[in-house]
Amino acid sequence: QVQLVESGGGLVEPGGSLRLSCEASGFIFSNYRMSWYRQAPGKERELVASITSSGGSTNYAESVKGRFTISRDNAKNTVYLQMNSLKSEDTAIYYCNVRQSAKNYWGQGTQVTVSS
């Protein structure tokens, strides 16, 4: 079965950096686009970034462009989200996502808190 396990969240000061990882199993990782979403308290879950199966193309939410970078290592079945210049408004639970046959699969999420 599909499993997505996120790690790397934590507490960081504004302007700091974090790198999130999502290790995938249960499917052929290199065949699928992977995405990161986030959900802040009281808000809807939103797409942060996604990357094609080969890693050749990425897209980002406007709010994170120039600060976040999504990447993947198909040999390790892992997708990453490098987050730089973090702001308080980046505080949220971050989720890894894969969509297969019109069904969304999610990890358990990892908390990112940006605060001084």
# chains A, B, ... in the order shown; residues from 1 in each chain; ligands from 1
$ select_by_dssp --residues "chain A" --states "strand (DSSP E)" --output "count of residues only"
61
$ residues_around --residues "region 39-46 of chain A" --least-positions-apart "6" --cutoff "7 Å" --atoms "only C-alpha atoms" --output "tab-separated table (two decimals) with N, CA and C atoms, in the first residue's frame"
chain	number	residue	atom	x	y	z
A	91	THR	N	4.10	29.07	8.85
A	91	THR	CA	3.73	28.14	9.91
A	91	THR	C	2.52	27.31	9.49
A	92	ALA	N	2.68	25.99	9.53
A	92	ALA	CA	1.62	25.08	9.07
A	92	ALA	C	2.08	23.65	9.27
A	93	ILE	N	1.15	22.74	9.06
A	93	ILE	CA	1.51	21.33	8.92
A	93	ILE	C	1.75	21.10	7.43
A	94	TYR	N	2.88	20.50	7.12
A	94	TYR	CA	3.25	20.24	5.73
A	94	TYR	C	3.04	18.76	5.41
$ residues_around --residues "Val79 (chain A)" --least-positions-apart "5" --cutoff "9 Å" --atoms "only C-alpha atoms" --output "PyMOL selection string"
chain A and resi 20-24+34-36+51+70-74+96
$ closest_residue --among "A:Gly55, A:Gly66, A:Gly109, A:Gly26" --to "Gln1 (chain A)" --atoms "only C-alpha atoms"
A:Gly26
$ closest_residue --among "A:Glu62, A:Lys103, A:Arg19, A:Gly10" --to "Ser115 (chain A)" --atoms "only C-alpha atoms"
A:Gly10
$ select_by_dssp --residues "chain A" --states "helix (DSSP H, G or I)" --output "list in words"
Phe29, Ser30, Asn31, Ser88, Glu89 and Asp90 of chain A
$ residues_around --residues "Gly16 (chain A)" --least-positions-apart "3" --cutoff "9 Å" --atoms "only C-alpha atoms" --output "number ranges by chain"
A: 12-13, 83-87, 114
$ atom_distance --atom1 "CA of Asn97 (chain A)" --atom2 "CA of Ser116 (chain A)"
29.4 Å
$ residues_around --residues "Gly107 (chain A)" --least-positions-apart "3" --cutoff "8 Å" --atoms "only C-alpha atoms" --output "JSON, numbers by chain"
{"A": [3, 4, 5, 6, 95, 96, 97]}
$ write_last_selection --atoms "N, CA and C atoms" --output "PDB file, in the first residue's frame"
ATOM      1  N   GLN A   3       2.573   4.446   1.083  1.00  0.00           N
ATOM      2  CA  GLN A   3       2.956   5.078   2.349  1.00  0.00           C
ATOM      3  C   GLN A   3       3.843   6.273   2.061  1.00  0.00           C
ATOM      4  N   LEU A   4       3.549   7.355   2.749  1.00  0.00           N
ATOM      5  CA  LEU A   4       4.341   8.578   2.648  1.00  0.00           C
ATOM      6  C   LEU A   4       4.685   9.009   4.067  1.00  0.00           C
ATOM      7  N   VAL A   5       5.975   9.175   4.340  1.00  0.00           N
ATOM      8  CA  VAL A   5       6.416   9.517   5.690  1.00  0.00           C
ATOM      9  C   VAL A   5       7.262  10.783   5.633  1.00  0.00           C
ATOM     10  N   GLU A   6       6.713  11.860   6.202  1.00  0.00           N
ATOM     11  CA  GLU A   6       7.411  13.138   6.221  1.00  0.00           C
ATOM     12  C   GLU A   6       8.293  13.258   7.455  1.00  0.00           C
ATOM     13  N   TYR A  95       2.371  18.525   4.280  1.00  0.00           N
ATOM     14  CA  TYR A  95       2.010  17.172   3.879  1.00  0.00           C
ATOM     15  C   TYR A  95       2.612  16.832   2.517  1.00  0.00           C
ATOM     16  N   CYS A  96       3.067  15.624   2.414  1.00  0.00           N
ATOM     17  CA  CYS A  96       3.508  15.055   1.148  1.00  0.00           C
ATOM     18  C   CYS A  96       2.299  14.428   0.452  1.00  0.00           C
ATOM     19  N   ASN A  97       2.263  14.497  -0.864  1.00  0.00           N
ATOM     20  CA  ASN A  97       1.093  14.014  -1.607  1.00  0.00           C
ATOM     21  C   ASN A  97       1.502  13.345  -2.905  1.00  0.00           C
TER      22      ASN A  97
END
$ residues_around --residues "Thr52 (chain A)" --least-positions-apart "3" --cutoff "8 Å" --atoms "only C-alpha atoms" --output "compact mmCIF listing (two decimals) with C-alpha atoms, in the first residue's frame"
# COMPACT_ATOMS: atom_id res chain seq x y z
CA TYR A 32 4.58 9.87 -10.35
CA ARG A 33 4.46 13.59 -9.83
CA MET A 34 4.95 14.44 -6.17
CA GLY A 55 12.25 16.01 -11.68
CA GLY A 56 12.53 18.01 -14.87
CA SER A 57 9.76 20.47 -14.09
CA THR A 58 8.55 22.13 -10.93
$ closest_residue --among "A:Leu81, A:Val98, A:Ala49, A:Ile28" --to "Thr110 (chain A)" --atoms "only C-alpha atoms"
A:Leu81
$ closest_residue --among "A:Gly15, A:Gly9, A:Thr113, A:Asn77" --to "Ser53 (chain A)" --atoms "only C-alpha atoms"
A:Asn77
$ atom_distance --atom1 "CA of Ser54 (chain A)" --atom2 "CA of Ala75 (chain A)"
11.3 Å
$ closest_residue --among "A:Ser25, A:Ser17, A:Asn59, A:Asn104" --to "Val2 (chain A)" --atoms "only C-alpha atoms"
A:Ser25
$ atom_distance --atom1 "CA of Arg99 (chain A)" --atom2 "CA of Tyr80 (chain A)"
16.9 Å
$ decode --residues "region 23-83 of chain A" --atoms "C-alpha atoms" --output "PDB file, in the first residue's frame"
ATOM      1  CA  GLU A  23      10.039   8.933   1.948  1.00  0.00           C
ATOM      2  CA  ALA A  24       7.620   6.988  -0.251  1.00  0.00           C
ATOM      3  CA  SER A  25       6.890   3.281  -0.523  1.00  0.00           C
ATOM      4  CA  GLY A  26       4.300   0.939  -1.957  1.00  0.00           C
ATOM      5  CA  PHE A  27       4.385   2.277  -5.492  1.00  0.00           C
ATOM      6  CA  ILE A  28       6.798   2.993  -8.338  1.00  0.00           C
ATOM      7  CA  PHE A  29       7.979   6.365  -7.123  1.00  0.00           C
ATOM      8  CA  SER A  30       9.723   7.388 -10.336  1.00  0.00           C
ATOM      9  CA  ASN A  31       6.442   7.170 -12.270  1.00  0.00           C
ATOM     10  CA  TYR A  32       4.583   9.875 -10.348  1.00  0.00           C
ATOM     11  CA  ARG A  33       4.459  13.592  -9.830  1.00  0.00           C
ATOM     12  CA  MET A  34       4.947  14.440  -6.166  1.00  0.00           C
ATOM     13  CA  SER A  35       3.662  17.452  -4.277  1.00  0.00           C
ATOM     14  CA  TRP A  36       3.933  19.273  -0.981  1.00  0.00           C
ATOM     15  CA  TYR A  37       0.860  20.873   0.566  1.00  0.00           C
ATOM     16  CA  ARG A  38       0.409  22.773   3.798  1.00  0.00           C
ATOM     17  CA  GLN A  39      -2.429  23.595   6.121  1.00  0.00           C
ATOM     18  CA  ALA A  40      -2.352  26.416   8.620  1.00  0.00           C
ATOM     19  CA  PRO A  41      -4.760  26.597  11.573  1.00  0.00           C
ATOM     20  CA  GLY A  42      -8.206  27.652  10.410  1.00  0.00           C
ATOM     21  CA  LYS A  43      -7.232  27.581   6.750  1.00  0.00           C
ATOM     22  CA  GLU A  44      -7.713  25.179   3.870  1.00  0.00           C
ATOM     23  CA  ARG A  45      -4.948  22.901   2.696  1.00  0.00           C
ATOM     24  CA  GLU A  46      -2.999  24.552  -0.111  1.00  0.00           C
ATOM     25  CA  LEU A  47      -0.520  23.404  -2.729  1.00  0.00           C
ATOM     26  CA  VAL A  48       3.003  24.590  -1.997  1.00  0.00           C
ATOM     27  CA  ALA A  49       5.074  22.928  -4.719  1.00  0.00           C
ATOM     28  CA  SER A  50       5.074  19.987  -7.087  1.00  0.00           C
ATOM     29  CA  ILE A  51       7.613  18.164  -9.218  1.00  0.00           C
ATOM     30  CA  THR A  52       7.231  15.910 -12.236  1.00  0.00           C
ATOM     31  CA  SER A  53       8.176  12.252 -12.140  1.00  0.00           C
ATOM     32  CA  SER A  54      11.610  12.856 -13.675  1.00  0.00           C
ATOM     33  CA  GLY A  55      12.248  16.010 -11.685  1.00  0.00           C
ATOM     34  CA  GLY A  56      12.532  18.010 -14.865  1.00  0.00           C
ATOM     35  CA  SER A  57       9.760  20.466 -14.095  1.00  0.00           C
ATOM     36  CA  THR A  58       8.549  22.127 -10.927  1.00  0.00           C
ATOM     37  CA  ASN A  59       5.906  24.617  -9.936  1.00  0.00           C
ATOM     38  CA  TYR A  60       5.349  26.711  -6.838  1.00  0.00           C
ATOM     39  CA  ALA A  61       2.722  28.726  -5.078  1.00  0.00           C
ATOM     40  CA  GLU A  62       3.325  32.438  -5.558  1.00  0.00           C
ATOM     41  CA  SER A  63       3.809  32.879  -1.832  1.00  0.00           C
ATOM     42  CA  VAL A  64       6.890  30.627  -1.756  1.00  0.00           C
ATOM     43  CA  LYS A  65       8.522  31.318  -5.133  1.00  0.00           C
ATOM     44  CA  GLY A  66      12.182  32.194  -4.754  1.00  0.00           C
ATOM     45  CA  ARG A  67      12.303  30.873  -1.185  1.00  0.00           C
ATOM     46  CA  PHE A  68      11.344  27.177  -1.438  1.00  0.00           C
ATOM     47  CA  THR A  69      12.823  24.487  -3.667  1.00  0.00           C
ATOM     48  CA  ILE A  70      11.298  21.088  -4.336  1.00  0.00           C
ATOM     49  CA  SER A  71      13.523  18.239  -5.478  1.00  0.00           C
ATOM     50  CA  ARG A  72      13.512  14.454  -5.607  1.00  0.00           C
ATOM     51  CA  ASP A  73      15.847  11.504  -5.559  1.00  0.00           C
ATOM     52  CA  ASN A  74      14.225   8.639  -7.430  1.00  0.00           C
ATOM     53  CA  ALA A  75      16.932   6.234  -6.290  1.00  0.00           C
ATOM     54  CA  LYS A  76      15.931   6.924  -2.690  1.00  0.00           C
ATOM     55  CA  ASN A  77      12.159   7.215  -3.275  1.00  0.00           C
ATOM     56  CA  THR A  78      12.316  10.573  -1.539  1.00  0.00           C
ATOM     57  CA  VAL A  79      11.049  14.060  -2.275  1.00  0.00           C
ATOM     58  CA  TYR A  80      12.415  17.126  -0.504  1.00  0.00           C
ATOM     59  CA  LEU A  81      11.316  20.657   0.227  1.00  0.00           C
ATOM     60  CA  GLN A  82      14.099  23.120   1.006  1.00  0.00           C
ATOM     61  CA  MET A  83      12.605  26.138   2.730  1.00  0.00           C
TER      62      MET A  83
END
